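Data first, discussion second: the structure below is written as structure tokens.
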Amino acid sequence: MREESGLTQRELAEIMDEHRSFVWKCESGERRLDAVELVRWCLACGADSGAAFAQIRKNVKSAKRTI
């Protein structure tokens with residue numbers, strides 16, 4: 001999403017008022033976004049948060065937590 005919007009990690013972090021390491025950790029899978037952070041991420045990238053949630057829901061196989 002970030003790359004499609006043409007933003008660097010640093011630019012996205014600045015828009016979100018976060019550190020660049022926050023963006024890197026999220027993109028590398030080291031850290032998960034909560035729902036509010038995902039909406040902020042989408043807004044920063046000019047993306048539809050509803051579509052992002054729909055894609056997540058489509059990719060989730062079950063309600064059980066996976067390790």
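Identifiers for the structure tokens are assigned positionally: chains receive A, B, ... in sequence, residues are indexed from 1 per chain, and ligands are indexed from 1 in the order shown.
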Write out as an NGL selection string each polymer residue whose atoms come within 8 Å of stretch 5-19 of chain A, counting only C-alpha atoms; drop sequence neighbours fewer than 6 positions from it. :A and (40-41 or 44-46)
The selected residues should be written to file as a CSV table (one decimal), in the first residue's frame (atoms: N, CA and C atoms).
```
chain,number,residue,atom,x,y,z
A,40,ARG,N,-5.2,4.7,10.2
A,40,ARG,CA,-4.3,5.8,10.0
A,40,ARG,C,-3.3,5.6,8.9
A,41,TRP,N,-2.8,4.3,8.7
A,41,TRP,CA,-1.9,3.9,7.7
A,41,TRP,C,-2.6,4.1,6.3
A,44,ALA,N,-3.0,7.8,5.5
A,44,ALA,CA,-1.8,8.4,5.1
A,44,ALA,C,-1.4,8.0,3.7
A,45,CYS,N,-1.8,6.8,3.2
A,45,CYS,CA,-1.5,6.4,1.9
A,45,CYS,C,-2.6,6.7,0.9
A,46,GLY,N,-3.7,7.3,1.3
A,46,GLY,CA,-4.8,7.6,0.4
A,46,GLY,C,-5.6,6.4,0.0
```
Identify, on the basis of only C-alpha atoms, every residue whose closest approach to stretch 33-39 of chain A does not exceed 12 Å; exclude the query and any residue fewer than 4 positions from it along the same chain; express the result as a compact mmCIF listing (two decimals) with C-alpha atoms, in the first residue's frame.
```txt
# COMPACT_ATOMS: atom_id res chain seq x y z
CA MET A 1 0.00 0.00 0.00
CA ARG A 2 2.78 2.39 0.94
CA ALA A 13 6.28 7.64 9.24
CA MET A 16 1.68 9.22 10.75
CA ASP A 17 3.87 11.00 13.32
CA GLU A 18 5.75 7.77 13.98
CA PHE A 22 7.59 1.63 13.26
CA VAL A 23 6.88 1.38 9.53
CA TRP A 24 9.78 -1.04 8.98
CA LYS A 25 8.67 -3.33 11.83
CA CYS A 26 5.10 -3.41 10.52
CA GLU A 27 6.18 -4.12 6.95
CA SER A 28 8.66 -6.81 8.00
CA GLY A 29 6.06 -8.60 10.13
CA LEU A 43 -5.45 7.51 5.39
CA ALA A 44 -1.76 8.39 5.09
CA CYS A 45 -1.52 6.37 1.88
CA GLY A 46 -4.80 7.65 0.44
CA ALA A 47 -6.23 4.13 0.51
CA ASP A 48 -9.69 2.83 1.39
CA SER A 49 -9.56 1.36 4.89
CA GLY A 50 -12.78 -0.55 4.24
CA ALA A 51 -11.15 -2.34 1.33
CA ALA A 52 -8.11 -3.11 3.48
CA PHE A 53 -10.30 -4.69 6.17
CA ILE A 56 -7.79 -9.02 5.66
```
Using DSSP assignments from the backbone, pull out every residue in chain A that falls under alpha helix (DSSP H) and give it to me as a ChimeraX atom specification. /A:9-16,20-28,35-45,49-59
Using N, CA and C atoms, can you write the selected residues to a file as a compact mmCIF listing (two decimals), in the first residue's frame?
```
# COMPACT_ATOMS: atom_id res chain seq x y z
N GLN A 9 9.31 4.83 3.42
CA GLN A 9 9.02 4.52 4.82
C GLN A 9 9.12 5.78 5.66
N ARG A 10 10.11 6.58 5.40
CA ARG A 10 10.31 7.81 6.16
C ARG A 10 9.13 8.77 5.97
N GLU A 11 8.67 8.93 4.73
CA GLU A 11 7.55 9.82 4.46
C GLU A 11 6.28 9.35 5.16
N LEU A 12 6.01 8.05 5.08
CA LEU A 12 4.83 7.51 5.74
C LEU A 12 4.92 7.72 7.25
N ALA A 13 6.08 7.45 7.80
CA ALA A 13 6.28 7.64 9.24
C ALA A 13 6.04 9.09 9.64
N GLU A 14 6.52 10.02 8.85
CA GLU A 14 6.32 11.44 9.14
C GLU A 14 4.84 11.81 9.10
N ILE A 15 4.13 11.33 8.09
CA ILE A 15 2.70 11.62 7.97
C ILE A 15 1.95 11.07 9.18
N MET A 16 2.35 9.87 9.64
CA MET A 16 1.68 9.22 10.75
C MET A 16 2.21 9.69 12.11
N ARG A 20 10.45 5.92 11.73
CA ARG A 20 10.60 5.09 10.54
C ARG A 20 10.66 3.62 10.93
N SER A 21 11.24 3.32 12.09
CA SER A 21 11.35 1.92 12.53
C SER A 21 9.96 1.30 12.75
N PHE A 22 8.97 2.11 13.11
CA PHE A 22 7.59 1.63 13.26
C PHE A 22 7.10 1.07 11.93
N VAL A 23 7.32 1.82 10.86
CA VAL A 23 6.88 1.38 9.53
C VAL A 23 7.64 0.12 9.13
N TRP A 24 8.96 0.11 9.34
CA TRP A 24 9.78 -1.04 8.98
C TRP A 24 9.32 -2.29 9.73
N LYS A 25 9.08 -2.17 11.02
CA LYS A 25 8.67 -3.33 11.83
C LYS A 25 7.32 -3.86 11.37
N CYS A 26 6.41 -2.97 11.02
CA CYS A 26 5.10 -3.41 10.52
C CYS A 26 5.24 -4.11 9.17
N GLU A 27 6.02 -3.54 8.29
CA GLU A 27 6.18 -4.12 6.95
C GLU A 27 6.96 -5.43 6.98
N SER A 28 7.86 -5.59 7.92
CA SER A 28 8.66 -6.81 8.00
C SER A 28 7.95 -7.92 8.76
N ALA A 35 -6.30 -1.94 14.79
CA ALA A 35 -7.30 -1.42 13.86
C ALA A 35 -7.16 0.08 13.63
N VAL A 36 -6.92 0.83 14.70
CA VAL A 36 -6.78 2.28 14.57
C VAL A 36 -5.53 2.63 13.76
N GLU A 37 -4.44 1.92 14.02
CA GLU A 37 -3.21 2.17 13.26
C GLU A 37 -3.40 1.84 11.79
N LEU A 38 -4.14 0.78 11.49
CA LEU A 38 -4.40 0.43 10.10
C LEU A 38 -5.19 1.52 9.39
N VAL A 39 -6.18 2.07 10.06
CA VAL A 39 -6.97 3.15 9.47
C VAL A 39 -6.07 4.36 9.24
N ARG A 40 -5.21 4.71 10.20
CA ARG A 40 -4.28 5.83 10.03
C ARG A 40 -3.33 5.57 8.87
N TRP A 41 -2.84 4.34 8.74
CA TRP A 41 -1.94 3.95 7.66
C TRP A 41 -2.64 4.15 6.31
N CYS A 42 -3.88 3.67 6.23
CA CYS A 42 -4.65 3.82 4.99
C CYS A 42 -4.86 5.29 4.65
N LEU A 43 -5.25 6.09 5.63
CA LEU A 43 -5.45 7.51 5.39
C LEU A 43 -4.17 8.17 4.89
N ALA A 44 -3.04 7.81 5.49
CA ALA A 44 -1.76 8.39 5.09
C ALA A 44 -1.40 8.02 3.66
N CYS A 45 -1.83 6.83 3.23
CA CYS A 45 -1.52 6.37 1.88
C CYS A 45 -2.62 6.72 0.87
N SER A 49 -9.73 2.25 3.75
CA SER A 49 -9.56 1.36 4.89
C SER A 49 -10.59 0.23 4.87
N GLY A 50 -11.77 0.50 4.35
CA GLY A 50 -12.78 -0.55 4.24
C GLY A 50 -12.32 -1.68 3.34
N ALA A 51 -11.68 -1.34 2.24
CA ALA A 51 -11.15 -2.34 1.33
C ALA A 51 -10.01 -3.12 1.98
N ALA A 52 -9.21 -2.43 2.78
CA ALA A 52 -8.11 -3.11 3.48
C ALA A 52 -8.66 -4.13 4.47
N PHE A 53 -9.69 -3.75 5.22
CA PHE A 53 -10.30 -4.69 6.17
C PHE A 53 -10.96 -5.85 5.44
N ALA A 54 -11.57 -5.58 4.31
CA ALA A 54 -12.20 -6.65 3.53
C ALA A 54 -11.15 -7.64 3.04
N GLN A 55 -10.00 -7.16 2.63
CA GLN A 55 -8.92 -8.04 2.17
C GLN A 55 -8.39 -8.88 3.33
N ILE A 56 -8.25 -8.27 4.49
CA ILE A 56 -7.79 -9.02 5.66
C ILE A 56 -8.79 -10.11 6.00
N ARG A 57 -10.07 -9.75 6.02
CA ARG A 57 -11.11 -10.73 6.34
C ARG A 57 -11.08 -11.89 5.35
N LYS A 58 -10.86 -11.59 4.09
CA LYS A 58 -10.79 -12.62 3.04
C LYS A 58 -9.61 -13.56 3.29
N ASN A 59 -8.50 -13.02 3.79
CA ASN A 59 -7.30 -13.82 3.99
C ASN A 59 -7.27 -14.59 5.30
```
